[in-house]
$ cat work.cif   # mmCIF, C-alpha atoms
data_my_file
#
loop_
_atom_site.group_PDB
_atom_site.id
_atom_site.type_symbol
_atom_site.label_atom_id
_atom_site.label_comp_id
_atom_site.auth_asym_id
_atom_site.auth_seq_id
_atom_site.Cartn_x
_atom_site.Cartn_y
_atom_site.Cartn_z
ATOM 1 C CA GLU A 1 63.722 -42.943 -61.092
ATOM 2 C CA GLU A 2 67.471 -42.421 -60.604
ATOM 3 C CA GLY A 3 67.434 -45.291 -58.130
ATOM 4 C CA LEU A 4 66.335 -47.652 -60.890
ATOM 5 C CA GLY A 5 69.382 -46.685 -62.952
ATOM 6 C CA ILE A 6 71.599 -47.484 -59.971
ATOM 7 C CA LEU A 7 69.814 -50.824 -59.466
ATOM 8 C CA ALA A 8 70.171 -51.684 -63.153
ATOM 9 C CA GLY A 9 73.913 -51.100 -62.890
ATOM 10 C CA ALA A 10 74.095 -53.201 -59.721
ATOM 11 C CA PHE A 11 72.268 -56.060 -61.442
ATOM 12 C CA LEU A 12 74.536 -55.879 -64.481
ATOM 13 C CA GLY A 13 77.463 -55.953 -62.035
ATOM 14 C CA GLY A 14 76.265 -59.264 -60.591
ATOM 15 C CA LYS A 15 74.145 -58.099 -57.632
ATOM 16 C CA ARG A 16 70.493 -58.843 -56.827
ATOM 17 C CA PRO A 17 69.202 -55.376 -55.954
ATOM 18 C CA ALA A 18 65.933 -54.235 -54.396
ATOM 19 C CA ILE A 19 64.430 -50.824 -53.735
ATOM 20 C CA VAL A 20 62.144 -49.615 -50.956
ATOM 21 C CA MET A 21 59.743 -46.769 -51.785
ATOM 22 C CA GLN A 22 56.233 -45.425 -51.399
ATOM 23 C CA ASN A 23 53.767 -46.080 -54.192
ATOM 24 C CA SER A 24 53.940 -42.370 -55.094
ATOM 25 C CA GLY A 25 57.549 -43.102 -56.096
ATOM 26 C CA MET A 26 56.286 -45.862 -58.395
ATOM 27 C CA GLY A 27 54.329 -43.226 -60.278
ATOM 28 C CA ASN A 28 57.524 -41.253 -60.772
ATOM 29 C CA CYS A 29 59.357 -44.331 -62.114
ATOM 30 C CA ILE A 30 56.999 -45.485 -64.870
ATOM 31 C CA ASN A 31 59.256 -44.390 -67.747
ATOM 32 C CA ALA A 32 62.310 -46.097 -66.226
ATOM 33 C CA ILE A 33 60.313 -49.252 -65.572
ATOM 34 C CA CYS A 34 59.165 -49.413 -69.197
ATOM 35 C CA SER A 35 62.263 -48.205 -71.042
ATOM 36 C CA LEU A 36 64.943 -49.695 -68.779
ATOM 37 C CA LEU A 37 63.767 -52.560 -66.581
ATOM 38 C CA ASN A 38 61.196 -54.085 -68.915
ATOM 39 C CA TYR A 39 63.065 -53.364 -72.145
ATOM 40 C CA TYR A 40 66.285 -54.961 -70.903
ATOM 41 C CA SER A 41 64.545 -57.687 -68.832
ATOM 42 C CA LEU A 42 66.031 -56.596 -65.517
ATOM 43 C CA PRO A 43 64.605 -58.425 -62.474
ATOM 44 C CA ILE A 44 64.335 -55.669 -59.873
ATOM 45 C CA VAL A 45 62.458 -56.174 -56.584
ATOM 46 C CA PHE A 46 60.281 -53.327 -55.288
ATOM 47 C CA ILE A 47 59.195 -53.193 -51.639
ATOM 48 C CA VAL A 48 56.424 -50.609 -51.705
ATOM 49 C CA SER A 49 54.716 -48.843 -48.839
ATOM 50 C CA HIS A 50 51.195 -48.663 -50.257
ATOM 51 C CA ARG A 51 49.946 -45.246 -49.192
ATOM 52 C CA GLY A 52 46.311 -44.510 -49.918
ATOM 53 C CA SER A 53 45.283 -48.063 -49.099
ATOM 54 C CA GLU A 54 42.532 -48.851 -46.599
ATOM 55 C CA GLY A 55 43.091 -46.951 -43.373
ATOM 56 C CA GLU A 56 44.873 -43.999 -45.006
ATOM 57 C CA LYS A 57 44.136 -40.762 -43.139
ATOM 58 C CA ILE A 58 45.588 -38.331 -45.688
ATOM 59 C CA GLU A 59 43.052 -37.706 -48.473
ATOM 60 C CA ALA A 60 45.703 -36.625 -50.987
ATOM 61 C CA GLN A 61 47.294 -40.115 -50.827
ATOM 62 C CA LYS A 62 44.095 -41.946 -51.789
ATOM 63 C CA PRO A 63 43.985 -41.328 -55.585
ATOM 64 C CA MET A 64 47.452 -42.830 -56.130
ATOM 65 C CA GLY A 65 46.644 -45.565 -53.643
ATOM 66 C CA GLU A 66 43.633 -46.552 -55.703
ATOM 67 C CA ALA A 67 45.597 -46.458 -58.986
ATOM 68 C CA THR A 68 48.704 -48.339 -57.845
ATOM 69 C CA ARG A 69 47.729 -51.935 -58.701
ATOM 70 C CA ALA A 70 46.327 -51.031 -62.137
ATOM 71 C CA LEU A 71 49.373 -48.882 -62.853
ATOM 72 C CA LEU A 72 51.742 -51.750 -62.061
ATOM 73 C CA GLU A 73 49.653 -54.139 -64.145
ATOM 74 C CA SER A 74 49.686 -51.722 -67.092
ATOM 75 C CA VAL A 75 53.514 -51.714 -67.122
ATOM 76 C CA LYS A 76 53.671 -55.500 -66.668
ATOM 77 C CA VAL A 77 55.032 -55.504 -63.113
ATOM 78 C CA LYS A 78 53.513 -58.353 -61.130
ATOM 79 C CA SER A 79 52.491 -57.270 -57.656
ATOM 80 C CA TYR A 80 51.770 -59.087 -54.431
ATOM 81 C CA GLU A 81 49.972 -57.522 -51.484
ATOM 82 C CA ILE A 82 51.496 -58.438 -48.161
ATOM 83 C CA SER A 83 48.759 -57.416 -45.739
ATOM 84 C CA ALA A 84 49.479 -59.766 -42.835
ATOM 85 C CA LEU A 85 52.484 -61.367 -41.170
ATOM 86 C CA ASP A 86 51.422 -64.808 -42.369
ATOM 87 C CA GLU A 87 51.768 -63.593 -45.985
ATOM 88 C CA LEU A 88 55.468 -62.723 -45.721
ATOM 89 C CA HIS A 89 56.280 -66.114 -47.275
ATOM 90 C CA LEU A 90 54.923 -64.747 -50.582
ATOM 91 C CA ILE A 91 58.048 -62.613 -50.881
ATOM 92 C CA GLU A 92 60.395 -65.563 -51.375
ATOM 93 C CA GLY A 93 58.251 -67.103 -54.121
ATOM 94 C CA GLY A 94 57.781 -63.724 -55.806
ATOM 95 C CA VAL A 95 61.526 -63.047 -55.862
ATOM 96 C CA ILE A 96 62.210 -66.499 -57.305
ATOM 97 C CA GLU A 97 59.612 -65.847 -60.030
ATOM 98 C CA CYS A 98 61.099 -62.375 -60.678
ATOM 99 C CA TYR A 99 64.502 -63.903 -61.469
ATOM 100 C CA ARG A 100 63.059 -66.850 -63.365
ATOM 101 C CA GLN A 101 61.082 -64.571 -65.682
ATOM 102 C CA GLN A 102 63.661 -61.726 -65.694
ATOM 103 C CA ARG A 103 60.906 -59.214 -64.839
ATOM 104 C CA PRO A 104 60.460 -56.675 -62.053
ATOM 105 C CA VAL A 105 58.157 -57.556 -59.156
ATOM 106 C CA ALA A 106 56.503 -55.367 -56.515
ATOM 107 C CA PHE A 107 55.449 -56.242 -52.986
ATOM 108 C CA LEU A 108 52.783 -53.817 -51.775
ATOM 109 C CA ILE A 109 52.674 -53.301 -48.016
ATOM 110 C CA PRO A 110 49.390 -51.547 -47.094
ATOM 111 C CA ILE A 111 48.915 -49.334 -44.058
ATOM 112 C CA SER A 112 46.916 -52.114 -42.357
ATOM 113 C CA PHE A 113 50.050 -54.298 -42.215
ATOM 114 C CA TRP A 114 51.789 -51.869 -39.893
ATOM 115 C CA GLY A 115 48.911 -52.057 -37.438
ATOM 116 C CA GLU A 116 49.418 -55.813 -37.234
ATOM 117 C CA VAL A 117 53.136 -55.607 -36.478
ATOM 118 C CA SER A 118 52.982 -52.829 -33.902
#
$ encode --input "work.cif" --output "structure tokens"
Amino acid sequence: EEGLGILAGAFLGGKRPAIVMQNSGMGNCINAICSLLNYYSLPIVFIVSHRGSEGEKIEAQKPMGEATRALLESVKVKSYEISALDELHLIEGGVIECYRQQRPVAFLIPISFWGEVS
């Protein structure tokens, strides 16, 4: 959550910031997303390692993994799943849309993606 405050300051200072985190971190940031990013229309880019997605071996990660998309939707953060190398082009269009609409955007990278790139 503190990272979002830093990113908000960077944006207000003329930068185009992004943050990399696990989806469990998204759960910890919901208040800052609603009361800072959304309220002040700050276009922040999230690159999210989607733990608990298909292929997850740690049971404790699965509940948040299953809730992540609905959670983002409920706080009006558009999300894109990047599950294969040929979907990386979605990032550019999503970032353009993020700045056009002055809204945060999240790119979810599931565990299966890392199998493809290794």
$ residues_around --input "work.cif" --residues "Lys78 of chain A" --least-positions-apart "5" --cutoff "9 Å" --atoms "all atoms listed in the file" --output "number ranges by chain"
A: 69, 72-73, 94, 98, 103-107
$ atom_distance --input "work.cif" --atom1 "atom CA of His50 of chain A" --atom2 "atom CA of Ile109 of chain A"
5.4 Å
$ atom_distance --input "work.cif" --atom1 "atom CA of Gln61 of chain A" --atom2 "atom CA of Ser112 of chain A"
14.7 Å
$ resolve_selection --input "work.cif" --expression "the PyMOL selection byres ((chain A and resi 29) around 12)" --output "PDB file with C-alpha atoms, in the frame of the given file"
ATOM      1  CA  GLU A   1      63.722 -42.943 -61.092  1.00  0.00           C
ATOM      2  CA  GLU A   2      67.471 -42.421 -60.604  1.00  0.00           C
ATOM      3  CA  GLY A   3      67.434 -45.291 -58.130  1.00  0.00           C
ATOM      4  CA  LEU A   4      66.335 -47.652 -60.890  1.00  0.00           C
ATOM      5  CA  GLY A   5      69.382 -46.685 -62.952  1.00  0.00           C
ATOM      6  CA  ILE A  19      64.430 -50.824 -53.735  1.00  0.00           C
ATOM      7  CA  MET A  21      59.743 -46.769 -51.785  1.00  0.00           C
ATOM      8  CA  GLN A  22      56.233 -45.425 -51.399  1.00  0.00           C
ATOM      9  CA  ASN A  23      53.767 -46.080 -54.192  1.00  0.00           C
ATOM     10  CA  SER A  24      53.940 -42.370 -55.094  1.00  0.00           C
ATOM     11  CA  GLY A  25      57.549 -43.102 -56.096  1.00  0.00           C
ATOM     12  CA  MET A  26      56.286 -45.862 -58.395  1.00  0.00           C
ATOM     13  CA  GLY A  27      54.329 -43.226 -60.278  1.00  0.00           C
ATOM     14  CA  ASN A  28      57.524 -41.253 -60.772  1.00  0.00           C
ATOM     15  CA  ILE A  30      56.999 -45.485 -64.870  1.00  0.00           C
ATOM     16  CA  ASN A  31      59.256 -44.390 -67.747  1.00  0.00           C
ATOM     17  CA  ALA A  32      62.310 -46.097 -66.226  1.00  0.00           C
ATOM     18  CA  ILE A  33      60.313 -49.252 -65.572  1.00  0.00           C
ATOM     19  CA  CYS A  34      59.165 -49.413 -69.197  1.00  0.00           C
ATOM     20  CA  SER A  35      62.263 -48.205 -71.042  1.00  0.00           C
ATOM     21  CA  LEU A  36      64.943 -49.695 -68.779  1.00  0.00           C
ATOM     22  CA  LEU A  37      63.767 -52.560 -66.581  1.00  0.00           C
ATOM     23  CA  PHE A  46      60.281 -53.327 -55.288  1.00  0.00           C
ATOM     24  CA  LEU A  71      49.373 -48.882 -62.853  1.00  0.00           C
ATOM     25  CA  LEU A  72      51.742 -51.750 -62.061  1.00  0.00           C
ATOM     26  CA  VAL A  75      53.514 -51.714 -67.122  1.00  0.00           C
TER      27      VAL A  75
END
$ closest_residue --input "work.cif" --among "A:Ile6, A:Val45, A:Glu56, A:Tyr40" --to "Glu92 of chain A" --atoms "all atoms listed in the file"
A:Val45
$ closest_residue --input "work.cif" --among "A:Phe11, A:Ala18, A:Leu108, A:Val95" --to "Gly52 of chain A" --atoms "only C-alpha atoms"
A:Leu108
